[in-house]
file model-v3.cif (mmCIF, C-alpha atoms)
data_upload
loop_
_atom_site.group_PDB
_atom_site.id
_atom_site.type_symbol
_atom_site.label_atom_id
_atom_site.label_comp_id
_atom_site.auth_asym_id
_atom_site.auth_seq_id
_atom_site.Cartn_x
_atom_site.Cartn_y
_atom_site.Cartn_z
ATOM 1 C CA MET B 1 5.218 -3.386 -25.526
ATOM 2 C CA ALA B 2 4.648 -6.017 -28.213
ATOM 3 C CA ALA B 3 2.117 -7.742 -25.991
ATOM 4 C CA LEU B 4 -0.087 -4.620 -26.184
ATOM 5 C CA ARG B 5 -0.546 -4.637 -29.983
ATOM 6 C CA TRP B 6 -3.769 -6.612 -29.925
ATOM 7 C CA LEU B 7 -5.487 -3.985 -27.785
ATOM 8 C CA THR B 8 -7.517 -1.093 -29.164
ATOM 9 C CA PRO B 9 -5.677 2.282 -29.019
ATOM 10 C CA ARG B 10 -7.709 3.352 -25.990
ATOM 11 C CA ARG B 11 -7.191 0.127 -24.064
ATOM 12 C CA ARG B 12 -3.546 0.022 -25.123
ATOM 13 C CA SER B 13 -3.038 3.528 -23.691
ATOM 14 C CA ALA B 14 -4.651 2.608 -20.358
ATOM 15 C CA THR B 15 -2.582 -0.571 -20.090
ATOM 16 C CA ALA B 16 0.607 1.290 -20.961
ATOM 17 C CA ARG B 17 -0.108 3.828 -18.222
ATOM 18 C CA SER B 18 -0.576 1.004 -15.713
ATOM 19 C CA VAL B 19 2.763 -0.497 -16.715
ATOM 20 C CA LEU B 20 4.462 2.909 -16.483
ATOM 21 C CA ALA B 21 2.949 3.609 -13.071
ATOM 22 C CA GLY B 22 3.940 0.168 -11.821
ATOM 23 C CA GLU B 23 7.519 0.437 -13.023
ATOM 24 C CA ALA B 24 7.912 3.976 -11.641
ATOM 25 C CA SER B 25 6.557 2.911 -8.256
ATOM 26 C CA ALA B 26 8.810 -0.157 -8.121
ATOM 27 C CA GLU B 27 11.875 1.942 -8.920
ATOM 28 C CA ALA B 28 10.962 4.516 -6.254
ATOM 29 C CA ALA B 29 10.456 1.758 -3.692
ATOM 30 C CA ARG B 30 13.812 0.159 -4.437
ATOM 31 C CA LYS B 31 15.679 3.466 -4.236
ATOM 32 C CA SER B 32 14.080 4.205 -0.875
ATOM 33 C CA ALA B 33 14.936 0.775 0.530
ATOM 34 C CA GLN B 34 18.515 0.990 -0.708
ATOM 35 C CA SER B 35 19.042 4.269 1.127
ATOM 36 C CA ALA B 36 17.818 2.913 4.479
ATOM 37 C CA GLN B 37 20.256 1.792 7.165
ATOM 38 C CA ASP B 38 20.647 -1.961 7.643
ATOM 39 C CA THR B 39 19.254 -3.342 10.881
ATOM 40 C CA SER B 40 18.420 -6.836 12.107
ATOM 41 C CA ALA B 41 15.061 -8.357 12.935
ATOM 42 C CA PRO B 42 14.615 -9.835 16.415
ATOM 43 C CA ASP B 43 14.540 -13.592 16.857
ATOM 44 C CA THR B 44 11.189 -14.623 18.323
ATOM 45 C CA GLY B 45 12.279 -18.249 18.674
ATOM 46 C CA ALA B 46 9.073 -19.481 17.044
ATOM 47 C CA GLU B 47 8.626 -20.571 13.457
ATOM 48 C CA ALA B 48 5.290 -21.053 11.747
ATOM 49 C CA ASP B 49 4.596 -23.238 8.742
ATOM 50 C CA PHE B 50 3.968 -20.024 6.845
ATOM 51 C CA PRO B 51 5.748 -17.794 6.169
ATOM 52 C CA VAL B 52 8.709 -20.058 5.487
ATOM 53 C CA HIS B 53 11.699 -19.011 7.556
ATOM 54 C CA GLY B 54 14.776 -18.020 5.554
ATOM 55 C CA ASP B 55 13.101 -18.078 2.133
ATOM 56 C CA ASP B 56 14.812 -15.063 0.544
ATOM 57 C CA ARG B 57 12.901 -15.511 -2.710
ATOM 58 C CA ALA B 58 9.628 -14.828 -0.909
ATOM 59 C CA ALA B 59 8.225 -11.460 0.168
ATOM 60 C CA ALA B 60 4.921 -9.997 1.360
ATOM 61 C CA PHE B 61 2.905 -7.181 -0.219
ATOM 62 C CA PHE B 62 0.346 -5.298 1.881
ATOM 63 C CA ASP B 63 -2.327 -2.902 0.676
ATOM 64 C CA LEU B 64 -2.520 0.094 3.025
ATOM 65 C CA ASP B 65 -6.001 1.612 3.241
ATOM 66 C CA ASN B 66 -8.371 -0.472 5.397
ATOM 67 C CA THR B 67 -5.865 -3.345 5.330
ATOM 68 C CA VAL B 68 -2.967 -2.024 7.395
ATOM 69 C CA MET B 69 -4.655 1.201 8.487
ATOM 70 C CA GLN B 70 -8.244 2.202 9.195
ATOM 71 C CA GLY B 71 -9.421 4.680 6.582
ATOM 72 C CA ALA B 72 -7.492 6.160 3.671
ATOM 73 C CA ALA B 73 -3.984 7.575 4.069
ATOM 74 C CA ILE B 74 -4.570 10.332 1.531
ATOM 75 C CA PHE B 75 -7.461 11.748 3.567
ATOM 76 C CA HIS B 76 -5.417 11.809 6.775
ATOM 77 C CA PHE B 77 -2.646 13.456 4.787
ATOM 78 C CA GLY B 78 -5.120 16.097 3.637
ATOM 79 C CA ARG B 79 -6.128 16.811 7.230
ATOM 80 C CA GLY B 80 -2.493 17.329 8.153
ATOM 81 C CA LEU B 81 -1.914 19.693 5.239
ATOM 82 C CA TYR B 82 -4.987 21.723 6.201
ATOM 83 C CA LYS B 83 -3.653 22.079 9.732
ATOM 84 C CA ARG B 84 -0.515 23.558 8.166
ATOM 85 C CA LYS B 85 -2.612 25.950 6.054
ATOM 86 C CA PHE B 86 -1.857 24.351 2.695
ATOM 87 C CA PHE B 87 -5.483 24.953 1.626
ATOM 88 C CA GLU B 88 -8.795 26.515 2.643
ATOM 89 C CA THR B 89 -11.698 25.354 4.846
ATOM 90 C CA ARG B 90 -13.897 24.461 1.869
ATOM 91 C CA ASP B 91 -11.247 21.973 0.736
ATOM 92 C CA LEU B 92 -11.134 20.436 4.210
ATOM 93 C CA ALA B 93 -14.885 19.878 4.029
ATOM 94 C CA ARG B 94 -14.400 17.933 0.807
ATOM 95 C CA PHE B 95 -11.668 15.823 2.406
ATOM 96 C CA ALA B 96 -13.914 15.185 5.427
ATOM 97 C CA TRP B 97 -16.805 14.076 3.207
ATOM 98 C CA GLN B 98 -14.570 11.761 1.200
ATOM 99 C CA GLN B 99 -13.173 10.205 4.374
ATOM 100 C CA ALA B 100 -16.672 9.733 5.825
ATOM 101 C CA TYR B 101 -17.812 8.075 2.612
ATOM 102 C CA PHE B 102 -14.799 5.774 2.608
ATOM 103 C CA ARG B 103 -15.380 4.692 6.207
ATOM 104 C CA LEU B 104 -19.130 4.158 5.822
ATOM 105 C CA ALA B 105 -18.977 2.413 2.452
ATOM 106 C CA GLY B 106 -15.967 0.318 3.410
ATOM 107 C CA LEU B 107 -14.727 0.269 -0.176
ATOM 108 C CA GLU B 108 -12.777 2.345 -2.669
ATOM 109 C CA ASP B 109 -15.025 4.319 -4.984
ATOM 110 C CA PRO B 110 -12.989 5.291 -8.081
ATOM 111 C CA GLU B 111 -14.706 8.661 -8.462
ATOM 112 C CA HIS B 112 -14.134 9.684 -4.842
ATOM 113 C CA MET B 113 -10.539 8.411 -4.862
ATOM 114 C CA GLN B 114 -9.835 10.311 -8.102
ATOM 115 C CA ASP B 115 -11.255 13.527 -6.618
ATOM 116 C CA ALA B 116 -9.030 13.103 -3.582
ATOM 117 C CA ARG B 117 -5.927 12.522 -5.708
ATOM 118 C CA ASP B 118 -6.678 15.532 -7.917
ATOM 119 C CA SER B 119 -7.091 17.680 -4.810
ATOM 120 C CA ALA B 120 -3.829 16.448 -3.322
ATOM 121 C CA LEU B 121 -1.908 17.070 -6.559
ATOM 122 C CA SER B 122 -3.181 20.628 -6.840
ATOM 123 C CA ILE B 123 -2.276 21.276 -3.214
ATOM 124 C CA VAL B 124 1.317 20.009 -3.385
ATOM 125 C CA LYS B 125 2.113 21.620 -6.751
ATOM 126 C CA GLY B 126 5.094 23.926 -6.357
ATOM 127 C CA HIS B 127 6.163 22.464 -3.010
ATOM 128 C CA ARG B 128 9.461 20.675 -2.528
ATOM 129 C CA VAL B 129 9.539 16.885 -2.189
ATOM 130 C CA SER B 130 11.738 17.166 0.901
ATOM 131 C CA GLU B 131 9.158 19.426 2.560
ATOM 132 C CA LEU B 132 6.343 16.933 2.048
ATOM 133 C CA LYS B 133 8.456 14.072 3.363
ATOM 134 C CA SER B 134 9.191 15.981 6.560
ATOM 135 C CA ILE B 135 5.539 16.920 7.022
ATOM 136 C CA GLY B 136 4.564 13.299 6.361
ATOM 137 C CA GLU B 137 6.480 12.222 9.457
ATOM 138 C CA GLU B 138 4.457 14.624 11.589
ATOM 139 C CA ILE B 139 1.138 13.646 10.006
ATOM 140 C CA TYR B 140 1.844 9.969 10.666
ATOM 141 C CA ASP B 141 2.183 10.676 14.390
ATOM 142 C CA GLU B 142 -0.864 12.937 14.476
ATOM 143 C CA TYR B 143 -3.412 10.954 12.486
ATOM 144 C CA MET B 144 -2.164 7.554 11.351
ATOM 145 C CA ALA B 145 -0.208 5.774 14.089
ATOM 146 C CA GLU B 146 -3.257 5.029 16.218
ATOM 147 C CA ARG B 147 -5.194 3.702 13.220
ATOM 148 C CA ILE B 148 -2.887 0.806 12.387
ATOM 149 C CA TRP B 149 -4.676 -2.556 12.621
ATOM 150 C CA PRO B 150 -2.720 -4.572 15.238
ATOM 151 C CA GLY B 151 -3.622 -7.898 13.636
ATOM 152 C CA THR B 152 -2.398 -6.916 10.188
ATOM 153 C CA ARG B 153 0.746 -5.455 11.678
ATOM 154 C CA ALA B 154 1.391 -8.792 13.368
ATOM 155 C CA LEU B 155 1.007 -10.591 10.042
ATOM 156 C CA ALA B 156 3.643 -8.304 8.547
ATOM 157 C CA GLN B 157 5.848 -8.928 11.570
ATOM 158 C CA ALA B 158 5.633 -12.676 10.989
ATOM 159 C CA HIS B 159 7.159 -12.179 7.543
ATOM 160 C CA LEU B 160 9.850 -9.905 8.949
ATOM 161 C CA ASP B 161 10.711 -12.420 11.642
ATOM 162 C CA ALA B 162 11.029 -15.055 8.925
ATOM 163 C CA GLY B 163 13.662 -12.887 7.246
ATOM 164 C CA GLN B 164 11.446 -11.780 4.361
ATOM 165 C CA LYS B 165 10.982 -8.336 2.899
ATOM 166 C CA VAL B 166 7.615 -6.638 3.398
ATOM 167 C CA TRP B 167 6.313 -3.904 1.110
ATOM 168 C CA LEU B 168 3.301 -1.606 1.279
ATOM 169 C CA VAL B 169 1.456 -1.290 -2.044
ATOM 170 C CA THR B 170 -0.899 1.686 -2.152
ATOM 171 C CA ALA B 171 -2.471 4.396 -4.280
ATOM 172 C CA ALA B 172 -1.288 6.923 -1.691
ATOM 173 C CA PRO B 173 1.663 9.172 -2.638
ATOM 174 C CA VAL B 174 4.857 7.136 -2.524
ATOM 175 C CA GLU B 175 6.533 9.629 -0.169
ATOM 176 C CA ILE B 176 3.781 9.171 2.440
ATOM 177 C CA ALA B 177 3.733 5.397 1.906
ATOM 178 C CA GLN B 178 7.482 5.282 2.508
ATOM 179 C CA VAL B 179 7.089 7.169 5.789
ATOM 180 C CA ILE B 180 4.459 4.691 6.984
ATOM 181 C CA ALA B 181 6.536 1.700 5.904
ATOM 182 C CA ARG B 182 9.609 2.998 7.699
ATOM 183 C CA ARG B 183 7.710 3.788 10.888
ATOM 184 C CA LEU B 184 6.286 0.257 10.910
ATOM 185 C CA GLY B 185 9.726 -1.253 10.342
ATOM 186 C CA LEU B 186 8.831 -2.569 6.881
ATOM 187 C CA THR B 187 11.173 -2.806 3.919
ATOM 188 C CA GLY B 188 9.643 -0.079 1.789
ATOM 189 C CA ALA B 189 6.612 1.001 -0.190
ATOM 190 C CA LEU B 190 5.163 1.043 -3.675
ATOM 191 C CA GLY B 191 2.956 4.092 -4.158
ATOM 192 C CA THR B 192 1.665 6.619 -6.654
ATOM 193 C CA VAL B 193 4.576 8.618 -8.056
ATOM 194 C CA ALA B 194 4.009 12.353 -8.481
ATOM 195 C CA GLU B 195 6.192 14.071 -11.039
ATOM 196 C CA SER B 196 8.861 16.409 -9.715
ATOM 197 C CA ILE B 197 11.470 18.507 -11.483
ATOM 198 C CA GLY B 198 14.438 19.757 -9.527
ATOM 199 C CA GLY B 199 12.861 18.390 -6.348
ATOM 200 C CA VAL B 200 9.646 20.403 -6.857
ATOM 201 C CA TYR B 201 6.223 18.857 -7.591
ATOM 202 C CA THR B 202 4.720 19.750 -10.972
ATOM 203 C CA GLY B 203 1.150 18.751 -10.107
ATOM 204 C CA LYS B 204 1.226 15.774 -12.502
ATOM 205 C CA LEU B 205 1.599 12.024 -12.057
ATOM 206 C CA VAL B 206 4.102 9.614 -13.574
ATOM 207 C CA GLY B 207 1.801 7.183 -15.336
ATOM 208 C CA GLU B 208 -1.400 6.794 -13.338
ATOM 209 C CA PRO B 209 -2.414 6.252 -9.689
ATOM 210 C CA LEU B 210 -1.190 2.932 -8.309
ATOM 211 C CA HIS B 211 -4.628 1.363 -8.202
ATOM 212 C CA GLY B 212 -6.080 -1.922 -9.421
ATOM 213 C CA PRO B 213 -4.064 -3.351 -12.340
ATOM 214 C CA ALA B 214 -1.275 -0.806 -11.767
ATOM 215 C CA LYS B 215 -0.604 -2.372 -8.352
ATOM 216 C CA ALA B 216 -0.159 -5.760 -9.978
ATOM 217 C CA GLU B 217 2.262 -4.254 -12.498
ATOM 218 C CA ALA B 218 4.266 -2.641 -9.680
ATOM 219 C CA VAL B 219 4.497 -5.900 -7.743
ATOM 220 C CA ARG B 220 5.492 -7.785 -10.887
ATOM 221 C CA ALA B 221 8.213 -5.219 -11.694
ATOM 222 C CA LEU B 222 9.583 -5.277 -8.149
ATOM 223 C CA ALA B 223 9.555 -9.075 -8.036
ATOM 224 C CA THR B 224 11.577 -9.194 -11.250
ATOM 225 C CA ALA B 225 14.107 -6.664 -9.956
ATOM 226 C CA GLU B 226 14.405 -8.451 -6.592
ATOM 227 C CA CYS B 227 14.562 -11.974 -8.111
ATOM 228 C CA LEU B 228 11.471 -13.037 -6.162
ATOM 229 C CA ASP B 229 9.363 -16.098 -6.890
ATOM 230 C CA LEU B 230 5.784 -14.806 -6.827
ATOM 231 C CA THR B 231 4.410 -18.300 -6.213
ATOM 232 C CA ARG B 232 6.208 -18.173 -2.841
ATOM 233 C CA CYS B 233 5.101 -14.608 -2.032
ATOM 234 C CA ALA B 234 2.058 -13.380 -0.093
ATOM 235 C CA ALA B 235 -0.279 -10.434 -0.689
ATOM 236 C CA TYR B 236 -2.872 -8.878 1.615
ATOM 237 C CA SER B 237 -5.784 -6.567 0.788
ATOM 238 C CA ASP B 238 -9.316 -5.572 1.769
ATOM 239 C CA SER B 239 -10.547 -4.559 -1.680
ATOM 240 C CA HIS B 240 -11.797 -6.408 -4.743
ATOM 241 C CA ASN B 241 -9.908 -3.764 -6.737
ATOM 242 C CA ASP B 242 -6.731 -5.578 -5.671
ATOM 243 C CA ILE B 243 -7.727 -8.980 -7.037
ATOM 244 C CA PRO B 244 -5.147 -8.548 -9.860
ATOM 245 C CA MET B 245 -2.384 -8.149 -7.240
ATOM 246 C CA LEU B 246 -3.690 -10.945 -5.027
ATOM 247 C CA SER B 247 -3.922 -13.270 -8.016
ATOM 248 C CA LEU B 248 -0.220 -12.819 -8.767
ATOM 249 C CA VAL B 249 1.032 -14.540 -5.625
ATOM 250 C CA GLY B 250 0.905 -18.043 -4.254
ATOM 251 C CA HIS B 251 -0.441 -16.910 -0.867
ATOM 252 C CA PRO B 252 -3.277 -14.359 -1.231
ATOM 253 C CA TYR B 253 -5.050 -13.070 1.888
ATOM 254 C CA ALA B 254 -8.326 -11.148 2.160
ATOM 255 C CA ILE B 255 -8.044 -8.803 5.162
ATOM 256 C CA ASN B 256 -11.175 -6.935 6.341
ATOM 257 C CA PRO B 257 -12.595 -7.754 2.896
ATOM 258 C CA ASP B 258 -15.365 -5.912 1.105
ATOM 259 C CA SER B 259 -18.281 -8.084 -0.012
ATOM 260 C CA LYS B 260 -16.951 -8.704 -3.521
ATOM 261 C CA LEU B 261 -13.522 -9.730 -2.305
ATOM 262 C CA ARG B 262 -14.982 -11.927 0.441
ATOM 263 C CA LYS B 263 -17.101 -13.771 -2.131
ATOM 264 C CA HIS B 264 -14.139 -14.125 -4.514
ATOM 265 C CA ALA B 265 -11.836 -15.309 -1.731
ATOM 266 C CA ARG B 266 -14.290 -17.957 -0.557
ATOM 267 C CA GLU B 267 -14.781 -19.259 -4.074
ATOM 268 C CA LEU B 268 -11.023 -19.659 -4.540
ATOM 269 C CA GLU B 269 -10.404 -20.752 -0.934
ATOM 270 C CA TRP B 270 -8.133 -17.817 -0.195
ATOM 271 C CA ARG B 271 -7.286 -17.114 3.442
ATOM 272 C CA LEU B 272 -9.543 -14.635 5.245
ATOM 273 C CA ARG B 273 -9.058 -12.423 8.285
ATOM 274 C CA ASP B 274 -11.372 -9.722 9.631
ATOM 275 C CA TYR B 275 -10.179 -7.377 12.386
ATOM 276 C CA ARG B 276 -13.110 -4.960 12.271
ATOM 277 C CA THR B 277 -15.449 -6.794 14.643
ATOM 278 C CA GLY B 278 -13.231 -9.418 16.223
ATOM 279 C CA ARG B 279 -14.577 -12.118 13.920
ATOM 280 C CA LYS B 280 -11.986 -14.680 12.947
ATOM 281 C CA ALA B 281 -12.107 -16.105 9.453
ATOM 282 C CA ALA B 282 -10.472 -19.298 8.233
ATOM 283 C CA LYS B 283 -7.230 -19.925 10.082
ATOM 284 C CA VAL B 284 -5.604 -22.023 7.421
ATOM 285 C CA GLY B 285 -2.104 -20.714 6.925
ATOM 286 C CA ILE B 286 -2.499 -17.785 9.338
ATOM 287 C CA PRO B 287 0.640 -17.382 11.464
ATOM 288 C CA ALA B 288 0.118 -18.026 15.156
ATOM 289 C CA ALA B 289 1.706 -14.646 15.873
ATOM 290 C CA ALA B 290 -1.332 -12.921 14.386
ATOM 291 C CA GLY B 291 -3.505 -13.811 17.363
ATOM 292 C CA VAL B 292 -0.924 -12.539 19.801
ATOM 293 C CA GLY B 293 -0.387 -9.404 17.755
ATOM 294 C CA ALA B 294 -4.075 -8.591 17.722
ATOM 295 C CA VAL B 295 -3.959 -8.450 21.507
ATOM 296 C CA ALA B 296 -0.522 -7.015 22.104
ATOM 297 C CA GLY B 297 -0.652 -4.571 19.218
ATOM 298 C CA GLY B 298 2.178 -6.054 17.212
ATOM 299 C CA THR B 299 5.829 -5.075 17.391
ATOM 300 C CA ALA B 300 7.558 -2.883 14.844
ATOM 301 C CA ALA B 301 10.858 -4.259 13.656
ATOM 302 C CA ALA B 302 13.341 -3.744 10.855
ATOM 303 C CA ILE B 303 14.974 -6.314 8.649
ATOM 304 C CA ALA B 304 18.256 -6.447 6.771
ATOM 305 C CA LEU B 305 18.072 -4.576 3.501
ATOM 306 C CA HIS B 306 20.379 -5.760 0.733
ATOM 307 C CA ARG B 307 21.785 -3.460 -1.895
ATOM 308 C CA ARG B 308 20.612 -3.925 -5.428
ATOM 309 C CA ARG B 309 22.585 -6.469 -7.407
ATOM 310 C CA ARG B 310 24.159 -4.932 -10.444
#
call {"tool": "encode", "arguments": {"input": "model-v3.cif", "output": "C-alpha cells"}}
result
Amino acid sequence: MAALRWLTPRRRSATARSVLAGEASAEAARKSAQSAQDTSAPDTGAEADFPVHGDDRAAAFFDLDNTVMQGAAIFHFGRGLYKRKFFETRDLARFAWQQAYFRLAGLEDPEHMQDARDSALSIVKGHRVSELKSIGEEIYDEYMAERIWPGTRALAQAHLDAGQKVWLVTAAPVEIAQVIARRLGLTGALGTVAESIGGVYTGKLVGEPLHGPAKAEAVRALATAECLDLTRCAAYSDSHNDIPMLSLVGHPYAINPDSKLRKHARELEWRLRDYRTGRKAAKVGIPAAAGVGAVAGGTAAAIALHRRRR
C-alpha cells in the first residue's frame, strides 16, 4: 500500500477499496476455475494471426453487459428473483425502469447501477450462496441465453480455440457471472463479491462493485496469479468506464462502443466492432471466425483448466 501514501485520505480509501475488490474478485474467479472439470477445446483447423495459437501467457478479458450480452445481467437477475417471489411488484417496477434506461441510453450510469446493486444486495441478504447459484442457472436459461451477442461469442471462441483462457469481467455478482461463463464454455469470471458468512449473504460487499478502476485491478491481480503477460492479452468492452481495463492489455477492443469509448478507440487506433446494427468497424486484427460466428451464432466450447501452481 506504499504507493497510496501520496493520495489524500479520501482518494486513498477509494483506491484501496478498488484494490480490495479487484483482489477478491480475482481470487473468487481462480477458485471457481480450479473446481471445474477439465475438458478440451475442439480443433477448428484454422489459425488466425490473432489470437496467437498456443500462447499460454496470453488470455482474453470480456466485459459482460452490452459486450457479451444485450442489456445488464443484474437486471435480468432481478426479473428472475421477482418471478420466484424474492421481492414485491414495486421493486420489479424499479428494475424494469433501470433496464429500460440502460437499453435506451446504451451506457452505464453510475447512479442507476448503484441503485440496482443496492436493491440486489438487500434482496439476497439472508439467503444461502448455494441457493442463488442454483437459481442463477435457471435465470440464465430464462432471460440471458437468447441475449448473447453471437459476434462477441465468436471472438471469445477464437481465443478458446487458440488454447487461451477467457474470463468475463463484470460488475454483476460473481456467482451469476460464473454461471454465464460456464454456460458459454469460458474459463471463469471476475465479478462483484458479496460478503457471506457461513454460506449466507450478509447484504454487504467485499471492497466495492467491480466497476471502472476496480476491473483493472482485478485483471492485474489475476494476470499476476496466472503468470500472464498483459501485453499479449486482449480485452473487450462497450463502455468508456472500462478504459482502465482496456488500457492494461496489448490488444484492446471496443465492442458495441458508447460514444466516448468509440472516440477514444479511434484516437488510439484500437480495434472496433459493432454488432448492434450490422455495421462492421475496422477489421484490423479481428479473427476471421468472428464473421462466421455472427452468422452461425458462435459455438460454446470448454478449454483445459490448469490447477494453480503452488
call {"tool": "residues_near_point", "arguments": {"input": "model-v3.cif", "point": "(-15.6, -17.1, 1.5)", "cutoff": "10 Å", "atoms": "all atoms listed in the file", "output": "PyMOL selection string"}}
result
chain B and resi 254+257+259-272+281-282
call {"tool": "closest_residue", "arguments": {"input": "model-v3.cif", "among": "B:Glu131, B:Glu226, B:Glu146, B:Asp56", "to": "Glu175 (chain B)", "atoms": "all atoms listed in the file"}}
result
B:Glu131
call {"tool": "atom_distance", "arguments": {"input": "model-v3.cif", "atom1": "CA of Asp65 (chain B)", "atom2": "CA of Glu208 (chain B)"}}
result
18.0 Å
call {"tool": "atom_distance", "arguments": {"input": "model-v3.cif", "atom1": "CA of Phe62 (chain B)", "atom2": "CA of Ser237 (chain B)"}}
result
6.4 Å
call {"tool": "resolve_selection", "arguments": {"input": "model-v3.cif", "expression": "the PyMOL selection byres ((chain B and resi 66) around 9)", "output": "list in words"}}
result
Asp63, Leu64, Asp65, Thr67, Val68, Met69, Gln70, Gly71, Ala72, Arg103, Gly106, Leu107, Ile148, Trp149, Ser237, Asp238, Ser239, Ile255, Asn256 and Pro257 of chain B
call {"tool": "resolve_selection", "arguments": {"input": "model-v3.cif", "expression": "the PyMOL selection byres ((chain B and resi 199) around 12)", "output": "list in words"}}
result
Lys125, Gly126, His127, Arg128, Val129, Ser130, Glu131, Leu132, Lys133, Ala194, Glu195, Ser196, Ile197, Gly198, Val200, Tyr201 and Thr202 of chain B
call {"tool": "axis_aligned_box", "arguments": {"input": "model-v3.cif", "around": "region 254-261 of chain B", "padding_each_side": "5 Å", "output": "JSON"}}
result
{"center_x": -13.2, "center_y": -8.5, "center_z": 1.4, "size_x": 20.2, "size_y": 15.2, "size_z": 19.9}
call {"tool": "residues_around", "arguments": {"input": "model-v3.cif", "residues": "region 243-253 of chain B", "least_positions_apart": "3", "cutoff": "7 Å", "atoms": "only C-alpha atoms", "output": "list in words"}}
result
Gly212, Pro213, Lys215, Ala216, Leu230, Thr231, Arg232, Cys233, Ala234, Ala235, Tyr236, Ser237, His240, Trp270, Arg271 and Leu272 of chain B
call {"tool": "atom_distance", "arguments": {"input": "model-v3.cif", "atom1": "CA of Tyr82 (chain B)", "atom2": "CA of Ile123 (chain B)"}}
result
9.8 Å
call {"tool": "closest_residue", "arguments": {"input": "model-v3.cif", "among": "B:Ala59, B:Asp161, B:Ile176, B:Leu222", "to": "Ser134 (chain B)", "atoms": "only C-alpha atoms"}}
result
B:Ile176
call {"tool": "closest_residue", "arguments": {"input": "model-v3.cif", "among": "B:Leu155, B:Ile74, B:Leu168, B:Leu160", "to": "Arg273 (chain B)", "atoms": "only C-alpha atoms"}}
result
B:Leu155
call {"tool": "residues_around", "arguments": {"input": "model-v3.cif", "residues": "Ile180 (chain B)", "least_positions_apart": "5", "cutoff": "12 Å", "atoms": "all atoms listed in the file", "output": "PyMOL selection string"}}
result
chain B and resi 62-65+68-69+73-74+77+133+136-141+143-145+147-148+153+167-170+172-175+185-191+300
call {"tool": "residues_around", "arguments": {"input": "model-v3.cif", "residues": "Gly54 (chain B)", "least_positions_apart": "4", "cutoff": "10 Å", "atoms": "all atoms listed in the file", "output": "PyMOL selection string"}}
result
chain B and resi 58+159+161-164
call {"tool": "decode", "arguments": {"input": "model-v3.cif", "residues": "region 143-154 of chain B", "atoms": "N, CA, C and O atoms", "output": "PDB file, in the first residue's frame"}}
result
ATOM      1  N   TYR B 143     -33.737 -15.801 -19.249  1.00  0.00           N
ATOM      2  CA  TYR B 143     -33.626 -14.405 -19.667  1.00  0.00           C
ATOM      3  C   TYR B 143     -32.329 -14.025 -20.380  1.00  0.00           C
ATOM      4  O   TYR B 143     -32.285 -12.993 -21.053  1.00  0.00           O
ATOM      5  N   MET B 144     -31.279 -14.811 -20.227  1.00  0.00           N
ATOM      6  CA  MET B 144     -29.978 -14.365 -20.713  1.00  0.00           C
ATOM      7  C   MET B 144     -29.486 -15.079 -21.962  1.00  0.00           C
ATOM      8  O   MET B 144     -28.844 -14.460 -22.808  1.00  0.00           O
ATOM      9  N   ALA B 145     -29.750 -16.360 -22.082  1.00  0.00           N
ATOM     10  CA  ALA B 145     -29.176 -17.156 -23.175  1.00  0.00           C
ATOM     11  C   ALA B 145     -29.459 -16.558 -24.540  1.00  0.00           C
ATOM     12  O   ALA B 145     -28.572 -16.495 -25.402  1.00  0.00           O
ATOM     13  N   GLU B 146     -30.669 -16.086 -24.750  1.00  0.00           N
ATOM     14  CA  GLU B 146     -31.036 -15.564 -26.071  1.00  0.00           C
ATOM     15  C   GLU B 146     -30.516 -14.156 -26.317  1.00  0.00           C
ATOM     16  O   GLU B 146     -30.640 -13.623 -27.422  1.00  0.00           O
ATOM     17  N   ARG B 147     -29.890 -13.562 -25.316  1.00  0.00           N
ATOM     18  CA  ARG B 147     -29.388 -12.187 -25.449  1.00  0.00           C
ATOM     19  C   ARG B 147     -27.876 -12.121 -25.632  1.00  0.00           C
ATOM     20  O   ARG B 147     -27.295 -11.042 -25.578  1.00  0.00           O
ATOM     21  N   ILE B 148     -27.249 -13.259 -25.823  1.00  0.00           N
ATOM     22  CA  ILE B 148     -25.802 -13.272 -26.052  1.00  0.00           C
ATOM     23  C   ILE B 148     -25.509 -12.801 -27.471  1.00  0.00           C
ATOM     24  O   ILE B 148     -26.109 -13.275 -28.436  1.00  0.00           O
ATOM     25  N   TRP B 149     -24.577 -11.853 -27.619  1.00  0.00           N
ATOM     26  CA  TRP B 149     -24.207 -11.376 -28.953  1.00  0.00           C
ATOM     27  C   TRP B 149     -23.396 -12.468 -29.669  1.00  0.00           C
ATOM     28  O   TRP B 149     -22.315 -12.846 -29.204  1.00  0.00           O
ATOM     29  N   PRO B 150     -23.894 -13.007 -30.777  1.00  0.00           N
ATOM     30  CA  PRO B 150     -23.170 -14.070 -31.484  1.00  0.00           C
ATOM     31  C   PRO B 150     -21.762 -13.661 -31.905  1.00  0.00           C
ATOM     32  O   PRO B 150     -20.825 -14.459 -31.816  1.00  0.00           O
ATOM     33  N   GLY B 151     -21.599 -12.426 -32.364  1.00  0.00           N
ATOM     34  CA  GLY B 151     -20.285 -11.985 -32.818  1.00  0.00           C
ATOM     35  C   GLY B 151     -19.258 -11.951 -31.707  1.00  0.00           C
ATOM     36  O   GLY B 151     -18.117 -12.383 -31.879  1.00  0.00           O
ATOM     37  N   THR B 152     -19.661 -11.430 -30.542  1.00  0.00           N
ATOM     38  CA  THR B 152     -18.738 -11.394 -29.411  1.00  0.00           C
ATOM     39  C   THR B 152     -18.423 -12.795 -28.919  1.00  0.00           C
ATOM     40  O   THR B 152     -17.282 -13.109 -28.552  1.00  0.00           O
ATOM     41  N   ARG B 153     -19.425 -13.647 -28.944  1.00  0.00           N
ATOM     42  CA  ARG B 153     -19.195 -15.035 -28.529  1.00  0.00           C
ATOM     43  C   ARG B 153     -18.183 -15.708 -29.453  1.00  0.00           C
ATOM     44  O   ARG B 153     -17.339 -16.497 -29.018  1.00  0.00           O
ATOM     45  N   ALA B 154     -18.244 -15.379 -30.729  1.00  0.00           N
ATOM     46  CA  ALA B 154     -17.283 -15.946 -31.679  1.00  0.00           C
ATOM     47  C   ALA B 154     -15.875 -15.435 -31.425  1.00  0.00           C
ATOM     48  O   ALA B 154     -14.899 -16.172 -31.600  1.00  0.00           O
TER      49      ALA B 154
END
